[in-house]
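The structure file upload-v8.txt is reproduced below (compact mmCIF, C-alpha atoms and all ligand atoms).
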# COMPACT_ATOMS: atom_id res chain seq x y z
CA MET M 300 0.00 0.00 0.00
CA ILE M 301 0.90 3.66 -0.20
CA PRO M 302 1.49 5.02 3.34
CA ASN M 303 -1.35 7.42 4.25
CA ASN M 304 -2.42 7.15 0.58
CA ASP M 305 0.10 9.95 0.04
CA PHE M 306 1.68 9.16 -3.33
CA LEU M 307 3.54 12.47 -3.37
CA ALA M 308 5.30 11.76 -0.05
CA LEU M 309 6.15 8.22 -1.21
CA THR M 310 7.60 9.64 -4.43
CA LEU M 311 9.62 12.42 -2.79
CA ASN M 312 10.97 9.96 -0.21
CA ASN M 313 12.14 7.71 -3.06
CA PRO M 314 13.15 10.20 -5.74
CA GLU M 315 15.47 7.92 -7.72
CA THR M 316 14.01 4.44 -7.63
CA LEU M 317 11.14 2.52 -6.08
CA ALA M 318 10.50 -1.21 -6.43
CA PRO M 319 7.19 -1.85 -8.22
CA PHE M 320 4.24 -3.01 -6.12
CA GLN M 321 0.51 -3.55 -6.36
CA LEU M 322 -2.28 -2.22 -4.22
CA GLU M 323 -6.04 -2.43 -3.98
CA PHE M 324 -8.44 0.45 -3.65
CA ASN M 325 -12.21 0.69 -3.63
CA GLY M 326 -12.56 -2.50 -5.69
CA GLY M 327 -9.85 -1.54 -8.19
CA GLN M 328 -6.22 -2.48 -8.72
CA GLY M 329 -3.31 -0.07 -8.50
CA PHE M 330 0.21 -0.52 -9.77
CA VAL M 331 3.13 1.61 -8.67
CA GLU M 332 5.30 0.91 -11.70
CA GLU M 333 8.29 2.93 -10.57
CA THR M 334 8.81 6.05 -8.56
CA GLY M 335 6.23 8.70 -9.40
CA ILE M 336 4.32 6.43 -11.80
CA LEU M 337 1.00 5.00 -10.60
CA ARG M 338 -1.57 3.22 -12.77
CA LEU M 339 -5.09 2.71 -11.47
CA GLU M 340 -7.42 0.18 -13.05
CA PRO M 341 -10.99 0.59 -11.79
CA GLN M 342 -13.20 -2.42 -11.19
CA GLN M 343 -15.47 -1.33 -14.05
CA ALA M 344 -13.71 0.92 -16.53
CA THR M 345 -15.49 3.12 -19.03
CA ASP M 346 -13.91 3.85 -22.41
CA ILE M 347 -11.78 6.73 -21.10
CA ASN M 348 -8.03 6.40 -20.52
CA LEU M 349 -6.59 9.43 -18.73
CA VAL M 350 -2.95 10.34 -18.15
CA LEU M 351 -2.50 13.10 -15.57
CA SER M 352 1.11 14.24 -15.37
CA VAL M 353 2.47 16.85 -12.96
CA GLY M 354 5.90 17.96 -11.84
CA ILE M 355 7.55 17.48 -15.23
CA HIS M 356 9.21 20.65 -13.98
CA GLY M 357 10.17 19.88 -10.39
CA ASN M 358 9.33 23.22 -8.82
CA GLU M 359 5.80 23.46 -10.27
CA THR M 360 4.22 22.27 -7.06
CA GLY M 361 0.62 23.51 -7.29
CA PRO M 362 -0.61 20.90 -9.78
CA ILE M 363 1.39 18.21 -7.94
CA GLU M 364 -0.53 18.97 -4.75
CA LEU M 365 -3.82 19.18 -6.63
CA VAL M 366 -3.42 15.76 -8.27
CA ASN M 367 -2.09 14.20 -5.06
CA GLN M 368 -5.29 15.34 -3.29
CA LEU M 369 -7.48 13.84 -6.02
CA LEU M 370 -5.50 10.61 -5.85
CA LYS M 371 -5.86 10.41 -2.07
CA ALA M 372 -9.63 10.84 -2.42
CA ILE M 373 -9.76 8.01 -4.99
CA LEU M 374 -7.59 5.67 -2.91
CA GLU M 375 -9.71 6.36 0.17
CA GLY M 376 -12.90 5.70 -1.80
CA ARG M 377 -14.25 9.22 -1.29
CA PHE M 378 -15.22 9.22 -4.93
CA ALA M 379 -15.46 6.50 -7.51
CA LEU M 380 -12.92 5.93 -10.23
CA THR M 381 -14.60 5.07 -13.54
CA VAL M 382 -11.72 5.74 -15.96
CA ARG M 383 -8.36 4.07 -16.40
CA LEU M 384 -5.90 6.50 -14.84
CA LEU M 385 -2.14 6.93 -15.06
CA VAL M 386 -0.71 9.48 -12.62
CA ILE M 387 2.83 10.69 -13.21
CA ILE M 388 4.97 12.87 -10.94
CA GLY M 389 7.59 13.68 -13.52
CA ASN M 390 10.79 14.86 -11.89
CA PRO M 391 10.94 14.00 -8.17
CA ILE M 392 14.70 14.64 -7.89
CA ALA M 393 14.24 18.22 -9.13
CA ALA M 394 11.11 18.57 -6.95
CA ASN M 395 13.17 17.76 -3.84
CA ARG M 396 15.67 20.40 -4.90
CA ALA M 397 12.84 22.89 -5.59
CA GLU M 398 14.26 23.28 -9.07
CA ARG M 399 12.72 23.29 -12.54
CA PHE M 400 15.15 20.57 -13.63
CA CYS M 401 18.55 19.13 -12.69
CA ASP M 402 20.55 18.84 -15.93
CA VAL M 403 18.20 19.40 -18.85
CA ASN M 404 14.59 20.58 -19.27
CA LEU M 405 12.59 17.33 -19.18
CA ASN M 406 9.81 18.82 -21.29
CA ARG M 407 12.18 19.10 -24.27
CA LEU M 408 13.16 15.42 -24.22
CA PHE M 409 10.15 13.52 -25.55
CA SER M 410 9.49 11.83 -28.88
CA GLY M 411 12.96 10.36 -28.57
CA ALA M 412 14.75 13.72 -28.22
CA TRP M 413 16.35 12.29 -25.05
CA ARG M 414 18.74 10.45 -27.39
CA HIS M 415 20.51 13.75 -28.08
CA TYR M 416 21.07 14.80 -24.46
CA GLU M 417 22.87 13.72 -21.31
CA GLY M 418 21.84 14.08 -17.69
CA LEU M 419 19.50 12.93 -14.93
CA GLU M 420 16.39 13.69 -16.97
CA VAL M 421 17.38 11.52 -19.93
CA PRO M 422 16.51 8.07 -18.50
CA ARG M 423 13.43 9.60 -16.87
CA ALA M 424 12.07 10.83 -20.22
CA GLN M 425 12.56 7.34 -21.60
CA SER M 426 10.75 5.77 -18.62
CA LEU M 427 7.84 8.17 -18.92
CA GLU M 428 7.45 7.46 -22.64
CA GLN M 429 7.43 3.73 -21.88
CA ALA M 430 4.86 4.14 -19.08
CA VAL M 431 2.52 6.07 -21.39
CA THR M 432 3.03 3.51 -24.17
CA ARG M 433 2.17 0.61 -21.81
CA PHE M 434 -0.84 2.49 -20.47
CA PHE M 435 -2.36 3.24 -23.87
CA ALA M 436 -1.49 -0.24 -25.12
CA GLY M 437 -3.83 -1.48 -22.38
CA SER M 438 -6.73 0.62 -23.66
CA ALA M 439 -9.60 -0.85 -25.65
CA THR M 440 -9.69 -0.26 -29.41
CA GLY M 441 -11.56 2.93 -30.22
CA SER M 442 -11.54 4.16 -26.62
CA VAL M 443 -10.78 7.76 -25.65
CA ARG M 444 -7.19 8.66 -24.88
CA LEU M 445 -6.46 11.78 -22.84
CA HIS M 446 -3.28 13.32 -21.48
CA TYR M 447 -3.37 16.50 -19.42
CA ASP M 448 0.15 17.62 -18.50
CA LEU M 449 -0.26 20.17 -15.70
CA HIS M 450 2.28 22.95 -15.15
CA THR M 451 2.65 26.38 -13.61
CA ALA M 452 4.54 29.18 -15.36
CA ILE M 453 7.71 30.99 -14.31
CA ARG M 454 6.18 34.40 -14.86
CA GLY M 455 2.85 36.16 -14.63
CA SER M 456 0.45 36.07 -17.55
CA GLU M 457 -2.17 38.32 -19.08
CA TYR M 458 -4.22 35.11 -19.13
CA GLU M 459 -3.65 33.37 -15.81
CA LYS M 460 -4.52 29.89 -17.03
CA PHE M 461 -3.79 28.73 -20.55
CA VAL M 462 -2.98 25.60 -22.50
CA VAL M 463 -0.57 24.80 -25.26
CA HIS M 464 -2.37 22.66 -27.84
CA PRO M 465 0.06 20.37 -29.68
CA PHE M 466 0.32 20.60 -33.46
CA ILE M 467 -2.22 18.23 -35.01
CA GLY M 468 -1.61 18.95 -38.70
CA ASP M 469 -4.82 19.21 -40.72
CA ALA M 470 -6.90 17.39 -38.11
CA PRO M 471 -9.87 19.32 -36.65
CA TYR M 472 -9.86 20.63 -33.10
CA ASP M 473 -12.13 18.77 -30.69
CA LEU M 474 -15.05 20.87 -29.37
CA GLN M 475 -15.63 18.55 -26.42
CA GLN M 476 -12.04 19.03 -25.29
CA LEU M 477 -12.24 22.81 -25.81
CA GLY M 478 -15.42 22.73 -23.72
CA LEU M 479 -13.57 20.91 -20.94
CA LEU M 480 -10.85 23.56 -21.03
CA ALA M 481 -13.37 26.41 -20.92
CA ALA M 482 -15.20 24.79 -17.99
CA SER M 483 -11.85 24.28 -16.23
CA GLY M 484 -11.24 28.02 -15.95
CA ILE M 485 -8.72 28.09 -18.80
CA ASP M 486 -8.55 31.57 -20.35
CA ALA M 487 -6.52 31.01 -23.50
CA VAL M 488 -5.48 28.29 -25.96
CA LEU M 489 -2.17 28.53 -27.75
CA LEU M 490 -2.16 26.47 -30.95
CA SER M 491 1.25 25.04 -31.87
CA GLN M 492 2.03 25.07 -35.57
CA GLN M 493 4.76 22.44 -35.69
CA PRO M 494 5.98 19.23 -34.07
CA THR M 495 7.92 19.62 -30.84
CA THR M 496 9.43 17.43 -28.13
CA THR M 497 7.08 18.14 -25.23
CA PHE M 498 5.29 15.42 -23.27
CA SER M 499 1.84 16.47 -24.53
CA TYR M 500 2.97 16.53 -28.15
CA TYR M 501 4.40 13.03 -27.66
CA SER M 502 1.06 11.62 -26.44
CA SER M 503 -0.83 13.43 -29.18
CA ALA M 504 1.46 12.43 -32.04
CA GLU M 505 2.52 8.93 -30.92
CA HIS M 506 -0.67 7.74 -29.25
CA GLY M 507 -3.49 9.78 -30.79
CA ALA M 508 -4.42 11.24 -27.40
CA HIS M 509 -6.21 14.52 -26.84
CA ALA M 510 -3.27 16.10 -25.03
CA PHE M 511 -2.48 19.53 -23.66
CA THR M 512 0.21 21.32 -21.73
CA VAL M 513 -1.90 23.09 -19.13
CA GLU M 514 -0.44 26.18 -17.41
CA LEU M 515 -2.34 26.91 -14.20
CA GLY M 516 -0.75 30.11 -12.89
CA LYS M 517 2.47 31.00 -11.16
CA VAL M 518 5.05 28.82 -9.44
CA TYR M 519 4.99 28.64 -5.64
CA PRO M 520 6.86 26.31 -3.24
CA PHE M 521 5.18 23.22 -1.71
CA GLY M 522 2.67 24.25 0.94
CA GLU M 523 2.31 27.81 -0.37
CA ASN M 524 -0.17 27.09 -3.14
CA ASP M 525 -3.70 28.40 -2.85
CA LEU M 526 -5.47 25.35 -4.28
CA SER M 527 -8.77 27.27 -4.42
CA ARG M 528 -7.32 28.90 -7.55
CA PHE M 529 -7.57 25.46 -9.19
CA GLU M 530 -11.19 24.86 -8.14
CA ALA M 531 -12.70 24.87 -11.63
CA ILE M 532 -10.25 22.34 -13.06
CA ARG M 533 -10.49 20.28 -9.89
CA GLN M 534 -14.23 20.00 -10.44
CA THR M 535 -13.97 19.05 -14.13
CA LEU M 536 -11.33 16.44 -13.28
CA ILE M 537 -13.49 14.95 -10.52
CA THR M 538 -16.47 14.77 -12.88
CA LEU M 539 -14.33 13.20 -15.58
CA ILE M 540 -12.78 10.69 -13.19
CA SER M 541 -15.91 9.73 -11.28
CA ASP M 542 -18.64 10.09 -13.94
CA ALA M 543 -16.60 9.64 -17.12
CA SER M 544 -18.37 12.70 -18.47
CA PHE M 545 -17.31 15.97 -20.05
CA PRO M 546 -18.78 19.43 -19.46
CA LYS M 547 -21.40 20.25 -22.08
CA LEU M 548 -20.67 23.72 -23.39
CA GLU M 549 -22.18 25.25 -26.49
CA ARG M 550 -19.85 26.69 -29.08
CA ASP M 551 -20.82 30.27 -28.17
CA ALA M 552 -19.97 29.65 -24.52
CA ILE M 553 -16.59 28.25 -25.50
CA ASP M 554 -16.00 31.23 -27.79
CA SER M 555 -16.75 33.71 -25.00
CA LYS M 556 -14.54 31.97 -22.42
CA LEU M 557 -11.46 31.06 -24.46
CA LYS M 558 -9.07 33.32 -26.36
CA PHE M 559 -7.12 31.63 -29.15
CA PHE M 560 -3.59 32.30 -30.34
CA ALA M 561 -1.48 30.71 -33.03
CA VAL M 562 2.29 30.45 -32.73
CA GLN M 563 3.72 32.82 -35.29
CA ASP M 564 7.47 32.53 -34.75
CA ALA M 565 9.96 30.89 -32.42
CA LEU M 566 12.71 33.15 -31.11
CA VAL M 567 15.90 31.12 -31.23
CA LYS M 568 19.01 32.17 -29.35
CA ASP M 569 21.61 32.34 -32.12
CA HIS M 570 24.60 33.89 -30.31
CA GLU M 571 26.02 34.49 -26.83
CA ASP M 572 25.05 38.17 -27.13
CA TYR M 573 21.39 37.38 -27.96
CA GLN M 574 19.06 39.66 -26.00
CA LEU M 575 15.35 40.17 -25.57
CA THR M 576 14.51 43.86 -25.32
CA ILE M 577 11.72 43.38 -22.77
CA SER M 578 12.01 43.60 -18.98
CA GLU M 579 12.53 40.51 -16.83
CA ASP M 580 9.01 40.62 -15.42
CA VAL M 581 7.02 41.09 -18.63
CA LYS M 582 3.88 38.96 -18.56
CA ASN M 583 3.11 36.13 -20.95
CA PHE M 584 0.77 37.30 -23.77
CA THR M 585 1.99 40.90 -23.58
CA GLY M 586 1.30 42.39 -27.03
CA PHE M 587 3.40 44.78 -29.12
CA GLU M 588 3.03 47.20 -32.01
CA LYS M 589 4.17 46.32 -35.52
CA GLY M 590 7.87 47.10 -35.98
CA TYR M 591 8.83 46.83 -32.30
CA GLU M 592 12.28 45.27 -31.92
CA LEU M 593 11.71 42.31 -29.62
CA ALA M 594 15.14 40.64 -29.79
CA HIS M 595 18.54 41.17 -31.30
CA SER M 596 22.02 39.72 -31.41
CA SER M 597 25.12 40.39 -33.48
CA GLN M 598 23.65 37.82 -35.92
CA SER M 599 20.00 38.80 -36.13
CA GLN M 600 17.11 41.08 -35.21
CA TYR M 601 13.44 40.25 -34.60
CA LEU M 602 10.82 42.92 -35.39
CA ILE M 603 7.13 42.45 -34.53
CA LYS M 604 5.31 41.66 -37.79
CA ALA M 605 1.75 42.70 -36.91
CA SER M 606 0.31 44.82 -34.10
CA GLY M 607 -1.14 42.60 -31.40
CA ASP M 608 1.49 39.89 -31.81
CA ALA M 609 2.48 38.85 -28.29
CA ILE M 610 5.39 37.24 -26.47
CA ILE M 611 5.12 34.02 -24.51
CA PHE M 612 7.70 32.02 -22.51
CA PRO M 613 10.45 34.67 -22.92
CA ASN M 614 13.73 33.35 -21.51
CA ALA M 615 17.08 34.28 -23.07
CA ASN M 616 18.91 32.29 -20.38
CA VAL M 617 19.05 29.13 -22.52
CA PRO M 618 21.83 27.42 -24.48
CA ILE M 619 22.55 28.66 -28.00
CA GLY M 620 20.23 26.96 -30.48
CA GLN M 621 17.35 26.72 -28.00
CA ARG M 622 14.10 28.63 -27.83
CA ALA M 623 14.19 32.04 -26.14
CA GLY M 624 10.47 32.65 -26.53
CA LEU M 625 7.49 32.38 -28.86
CA VAL M 626 5.65 35.09 -30.75
CA VAL M 627 1.93 34.38 -30.91
CA ARG M 628 -0.91 35.98 -32.88
CA PRO M 629 -4.57 36.25 -31.77
CA MET M 630 -7.10 34.28 -33.82
CA ARG M 631 -10.77 33.36 -33.60
CA LEU M 632 -12.58 30.12 -32.89
CA ALA M 633 -14.47 30.71 -36.15
CA ASP M 634 -11.18 30.32 -38.04
CA LEU M 635 -10.56 26.79 -36.71
CA ALA M 636 -11.63 23.50 -38.23
CA LEU M 637 -13.73 21.85 -35.49
CA ARG M 638 -15.49 18.59 -34.89
ZN ZN X 701 6.37 23.61 -16.53

Could you express the structure from this file as C-alpha cells?
Ligand SMILES: [Zn+2]
Amino acid sequence: MIPNNDFLALTLNNPETLAPFQLEFNGGQGFVEETGILRLEPQQATDINLVLSVGIHGNETGPIELVNQLLKAILEGRFALTVRLLVIIGNPIAANRAERFCDVNLNRLFSGAWRHYEGLEVPRAQSLEQAVTRFFAGSATGSVRLHYDLHTAIRGSEYEKFVVHPFIGDAPYDLQQLGLLAASGIDAVLLSQQPTTTFSYYSSAEHGAHAFTVELGKVYPFGENDLSRFEAIRQTLITLISDASFPKLERDAIDSKLKFFAVQDALVKDHEDYQLTISEDVKNFTGFEKGYELAHSSQSQYLIKASGDAIIFPNANVPIGQRAGLVVRPMRLADLALR
C-alpha cells in the first residue's frame, strides 16, 4: 500500500528508484510501476483512458498537490474511479531540490529527443514514454485517450490559465475538449504550428491522445499554493474521473470563455550576445506594435510583424540553439476546423 495514501510523499521519499508493487483500492487495482508512476485500473472501466502528469518541472508544485489530493480521495474511496488512470509525478529529484530541472529541461526530451542529451532527466524521459506507451497499449480499441500535463509558469500572464495545444496537422480541433478547457477556468489556448518534443505533443502524435500542456498560474513552493485557484479544473477532473463525463458547453460559450492564439514565430538564441529587449518581469501574452524590436544579437534582429502579436515564454537564459520565446498571434474560434 501507499502510506497514508500519500503518493507524493512516497515519491519524494524515493526520488530515484522505487521497487514496483501492487495495491487495492475501492474495488480496483493499482500498480506503482516505478517512482512517481501510478496506474489505477478501476473495477469497471469506461472507455476513457486518462494520463495526468504533474511535476515534469520539479518546482511546479501547485498541480502536484492538486493531483495528489485527487488521488488520495480516490484511494480512500471518497469518490469512484470510472476511468483508467495513469498518474505521473515527472521529476521527483528536481522537486526535492525545488528546481525546474537538474541537468536538462525534461519537457524538451520527448518523442525520442532524449537520445541527443545527457543528464539525470534523460533516462526519466525514456521511462515516462514507456509508461505512457504501456498504459495506452492497455486501452480498448476505439476508446478515448487523454493526457493532461499540468504545469505552472515561471512568470505572470495576461491570461492566468492557458494551455498549449500540440500541433495536429490538418486534423480538426475537438469541441468537447475545448469545452472541458473552458469549464476548467482556462482563459486562452495557444495552438502550436509544428511538431515539438514536449510530453503532450508526444502523447498526441505517438498515441493519438487529446493532449495539452496546461499552465495553471504562477510557481509557488510546496505548501504555499492556494489550491482554491484550481477549483474549476479540480471539479472538471473529478467529474471526468468519477462520472466519465465531459462538461457540455455550447460553441458560443466556448468562444466567449477562451481566447485563441497561433504560434507565429519561435525566437531562437543564435549567439552568446542574444538579448530580448523586454524587462525581466514582462507577462506572458503581452502584445506589441508592428515594428517593435523584440530581440537582437550580433547575428540577427526580430521585429514584430503585426500589431497585437504577443510574447510568450520569454527566456534568453538558454543554451545557443534553444528557444528564447514564442511570438503568438490572436485568432478566432471561427477560423478553426472543429469537430
Ligand atoms: Zn512547466

Within 6 Å of ligand ZN 701 (chain X), which residues of chain M come that close, and what is the closest atom pair and distance in Å for each? Count only C-alpha atoms and all ligand atoms and give it as JSON lines.
{"residue": "M:His356", "atom": "CA", "partner": "X:ZN701", "partner_atom": "ZN", "distance": 4.8}
{"residue": "M:His450", "atom": "CA", "partner": "X:ZN701", "partner_atom": "ZN", "distance": 4.4}
{"residue": "M:Thr451", "atom": "CA", "partner": "X:ZN701", "partner_atom": "ZN", "distance": 5.5}
{"residue": "M:Ala452", "atom": "CA", "partner": "X:ZN701", "partner_atom": "ZN", "distance": 6.0}

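Note that the spacing between atom CA of Ala487 of chain M and atom CA of Ala605 of chain M amounts to 19.6 Å.
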
- Excluding same-chain residues fewer than 3 positions from segment 442-447 of chain M, what lies within 6 Å of it counting all atoms listed in the file, as a ChimeraX atom specification? /M:346-351,439,508-511

- Query: Quick one: of M:Val462, M:Ala543, M:Leu449, M:Ile467, who's nearest to Pro341 of chain M, counting all atoms listed in the file?
  - Reply: M:Ala543

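Nearest residue to Phe584 of chain M among M:Gln563, M:Ser456, M:Gln600, M:Asn395 is M:Ser456, counting only C-alpha atoms.
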
- What does the distance from atom CA of Phe560 of chain M to atom CA of Gln492 of chain M come to in Å, to one decimal?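 Computed distance, atom CA of Phe560 of chain M to atom CA of Gln492 of chain M, equals 10.5 Å.
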
- Task: Could you give me, as a list in words, the residues within 10 Å of Ile336 of chain M, counting all atoms listed in the file and dropping anything in the same chain fewer than 4 positions from it?
- Result: Phe306, Thr310, Leu317, Pro319, Phe330, Val331, Glu332, Ser352, Leu385, Val386, Ile387, Ile388, Gly389, Ser426, Leu427, Ala430 and Val431 of chain M

Expected file contents, prior selection, C-alpha atoms, as a tab-separated table (two decimals), in the coordinates of the input:
chain	number	residue	atom	x	y	z
M	306	PHE	CA	1.68	9.16	-3.33
M	310	THR	CA	7.60	9.64	-4.43
M	317	LEU	CA	11.14	2.52	-6.08
M	319	PRO	CA	7.19	-1.85	-8.22
M	330	PHE	CA	0.21	-0.52	-9.77
M	331	VAL	CA	3.13	1.61	-8.67
M	332	GLU	CA	5.30	0.91	-11.70
M	352	SER	CA	1.11	14.24	-15.37
M	385	LEU	CA	-2.14	6.93	-15.06
M	386	VAL	CA	-0.71	9.48	-12.62
M	387	ILE	CA	2.83	10.69	-13.21
M	388	ILE	CA	4.97	12.87	-10.94
M	389	GLY	CA	7.59	13.68	-13.52
M	426	SER	CA	10.75	5.77	-18.62
M	427	LEU	CA	7.84	8.17	-18.92
M	430	ALA	CA	4.86	4.14	-19.08
M	431	VAL	CA	2.52	6.07	-21.39

- Item | d(atom CA of Leu474 of chain M, atom CA of Leu637 of chain M) in Å |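 Interatomic distance here is 6.3 Å.
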
Around the point (3.1, 38.0, -30.2), in the coordinates given by the file, pick out the residues reaching within 9 Å, counting all atoms listed in the file, and return them as a PDB file with C-alpha atoms, in the coordinates of the input.
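Contents of selection-v5.pdb, as written:
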ATOM      1  CA  PHE M 560      -3.590  32.300 -30.340  1.00  0.00           C
ATOM      2  CA  VAL M 562       2.290  30.450 -32.730  1.00  0.00           C
ATOM      3  CA  GLN M 563       3.720  32.820 -35.290  1.00  0.00           C
ATOM      4  CA  ASP M 564       7.470  32.530 -34.750  1.00  0.00           C
ATOM      5  CA  PHE M 584       0.770  37.300 -23.770  1.00  0.00           C
ATOM      6  CA  THR M 585       1.990  40.900 -23.580  1.00  0.00           C
ATOM      7  CA  GLY M 586       1.300  42.390 -27.030  1.00  0.00           C
ATOM      8  CA  PHE M 587       3.400  44.780 -29.120  1.00  0.00           C
ATOM      9  CA  ILE M 603       7.130  42.450 -34.530  1.00  0.00           C
ATOM     10  CA  LYS M 604       5.310  41.660 -37.790  1.00  0.00           C
ATOM     11  CA  ALA M 605       1.750  42.700 -36.910  1.00  0.00           C
ATOM     12  CA  SER M 606       0.310  44.820 -34.100  1.00  0.00           C
ATOM     13  CA  GLY M 607      -1.140  42.600 -31.400  1.00  0.00           C
ATOM     14  CA  ASP M 608       1.490  39.890 -31.810  1.00  0.00           C
ATOM     15  CA  ALA M 609       2.480  38.850 -28.290  1.00  0.00           C
ATOM     16  CA  ILE M 610       5.390  37.240 -26.470  1.00  0.00           C
ATOM     17  CA  ILE M 611       5.120  34.020 -24.510  1.00  0.00           C
ATOM     18  CA  LEU M 625       7.490  32.380 -28.860  1.00  0.00           C
ATOM     19  CA  VAL M 626       5.650  35.090 -30.750  1.00  0.00           C
ATOM     20  CA  VAL M 627       1.930  34.380 -30.910  1.00  0.00           C
ATOM     21  CA  ARG M 628      -0.910  35.980 -32.880  1.00  0.00           C
ATOM     22  CA  PRO M 629      -4.570  36.250 -31.770  1.00  0.00           C
TER      23      PRO M 629
END

- Do a neighbour search on Arg550 of chain M at 9 Å with all atoms listed in the file, toss out local chain neighbours closer than 5 positions, and write the hits as number ranges by chain. M: 474, 478, 555, 632

- Message: Restricting the calculation to all atoms listed in the file: of M:Ala436, M:Leu337, M:Leu539, M:Cys401, which residue gets closest to Val421 of chain M?
- Response: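 Among the listed residues, M:Cys401 lies closest to Val421 of chain M.
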
- Message: What's around segment 403-414 of chain M at 7 Å? Count all atoms listed in the file, leave out sequence neighbours fewer than 3 positions away in its own chain, and write the answer as a VMD selection string.
- Response: chain M and resid 355 400 418 420 to 421 424 496 to 498 501

Quick one: what's the axis-aligned box for segment 391-399 of chain M, all listed atoms, 3 Å on every side, centre and edges in Å to one decimal, as lines of an AutoDock Vina configuration file?
center_x = 13.3
center_y = 18.6
center_z = -8.2
size_x = 10.7
size_y = 15.3
size_z = 14.7

- Task: Go through M:Gly329, M:Gly507, M:Pro520, M:Pro465 and flag the residue nearest Gln493 of chain M, using all atoms listed in the file for the distances.
- Result: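 Checking each candidate against Gln493 of chain M, we get M:Pro465 as the closest.
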
- Note on the structure: Judged by all atoms listed in the file, the minimum distance to Ala615 of chain M among M:Leu593, M:Leu635, M:Met630, M:Ala344 is found for M:Leu593

- Pick from M:Val567, M:Ile363, M:Ile392, M:Ala482 nearest to Thr316 of chain M, counting only C-alpha atoms: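 Looking only at the distances to Thr316 of chain M, the closest residue turns out to be M:Ile392.
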
Regenerate segment 627-632 of chain M at the level of all heavy atoms and dump it as a PDB file, keeping the file's coordinate frame.
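Result went into out.pdb, see below:
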ATOM      1  N   VAL M 627       3.239  34.965 -30.608  1.00  0.00           N
ATOM      2  CA  VAL M 627       1.930  34.380 -30.910  1.00  0.00           C
ATOM      3  C   VAL M 627       0.990  35.458 -31.430  1.00  0.00           C
ATOM      4  O   VAL M 627       1.151  36.642 -31.130  1.00  0.00           O
ATOM      5  CB  VAL M 627       1.322  33.694 -29.663  1.00  0.00           C
ATOM      6  CG1 VAL M 627       2.252  32.608 -29.167  1.00  0.00           C
ATOM      7  CG2 VAL M 627       1.035  34.701 -28.543  1.00  0.00           C
ATOM      8  N   ARG M 628       0.002  35.038 -32.225  1.00  0.00           N
ATOM      9  CA  ARG M 628      -0.910  35.980 -32.880  1.00  0.00           C
ATOM     10  C   ARG M 628      -2.355  35.592 -32.534  1.00  0.00           C
ATOM     11  O   ARG M 628      -2.722  34.417 -32.669  1.00  0.00           O
ATOM     12  CB  ARG M 628      -0.694  35.948 -34.381  1.00  0.00           C
ATOM     13  CG  ARG M 628      -1.583  36.915 -35.156  1.00  0.00           C
ATOM     14  CD  ARG M 628      -1.104  37.066 -36.580  1.00  0.00           C
ATOM     15  NE  ARG M 628       0.198  37.733 -36.639  1.00  0.00           N
ATOM     16  CZ  ARG M 628       0.899  37.897 -37.759  1.00  0.00           C
ATOM     17  NH1 ARG M 628       0.433  37.446 -38.907  1.00  0.00           N
ATOM     18  NH2 ARG M 628       2.062  38.526 -37.725  1.00  0.00           N
ATOM     19  N   PRO M 629      -3.173  36.557 -32.098  1.00  0.00           N
ATOM     20  CA  PRO M 629      -4.570  36.250 -31.770  1.00  0.00           C
ATOM     21  C   PRO M 629      -5.319  35.705 -32.982  1.00  0.00           C
ATOM     22  O   PRO M 629      -5.083  36.144 -34.105  1.00  0.00           O
ATOM     23  CB  PRO M 629      -5.154  37.609 -31.349  1.00  0.00           C
ATOM     24  CG  PRO M 629      -3.992  38.490 -31.089  1.00  0.00           C
ATOM     25  CD  PRO M 629      -2.858  37.983 -31.922  1.00  0.00           C
ATOM     26  N   MET M 630      -6.216  34.764 -32.752  1.00  0.00           N
ATOM     27  CA  MET M 630      -7.100  34.280 -33.820  1.00  0.00           C
ATOM     28  C   MET M 630      -8.453  33.940 -33.214  1.00  0.00           C
ATOM     29  O   MET M 630      -8.636  33.993 -32.009  1.00  0.00           O
ATOM     30  CB  MET M 630      -6.472  33.109 -34.553  1.00  0.00           C
ATOM     31  CG  MET M 630      -6.174  31.907 -33.727  1.00  0.00           C
ATOM     32  SD  MET M 630      -5.391  30.624 -34.724  1.00  0.00           S
ATOM     33  CE  MET M 630      -6.617  30.346 -35.994  1.00  0.00           C
ATOM     34  N   ARG M 631      -9.412  33.585 -34.068  1.00  0.00           N
ATOM     35  CA  ARG M 631     -10.770  33.360 -33.600  1.00  0.00           C
ATOM     36  C   ARG M 631     -11.168  31.908 -33.718  1.00  0.00           C
ATOM     37  O   ARG M 631     -10.693  31.189 -34.614  1.00  0.00           O
ATOM     38  CB  ARG M 631     -11.749  34.225 -34.420  1.00  0.00           C
ATOM     39  CG  ARG M 631     -11.455  35.726 -34.332  1.00  0.00           C
ATOM     40  CD  ARG M 631     -12.395  36.486 -35.242  1.00  0.00           C
ATOM     41  NE  ARG M 631     -12.456  35.868 -36.568  1.00  0.00           N
ATOM     42  CZ  ARG M 631     -13.485  35.946 -37.403  1.00  0.00           C
ATOM     43  NH1 ARG M 631     -14.558  36.617 -37.043  1.00  0.00           N
ATOM     44  NH2 ARG M 631     -13.452  35.373 -38.578  1.00  0.00           N
ATOM     45  N   LEU M 632     -12.055  31.482 -32.839  1.00  0.00           N
ATOM     46  CA  LEU M 632     -12.580  30.120 -32.890  1.00  0.00           C
ATOM     47  C   LEU M 632     -13.176  29.842 -34.276  1.00  0.00           C
ATOM     48  O   LEU M 632     -13.049  28.745 -34.818  1.00  0.00           O
ATOM     49  CB  LEU M 632     -13.636  29.926 -31.800  1.00  0.00           C
ATOM     50  CG  LEU M 632     -14.279  28.545 -31.685  1.00  0.00           C
ATOM     51  CD1 LEU M 632     -13.252  27.481 -31.304  1.00  0.00           C
ATOM     52  CD2 LEU M 632     -15.420  28.546 -30.673  1.00  0.00           C
TER      53      LEU M 632
END
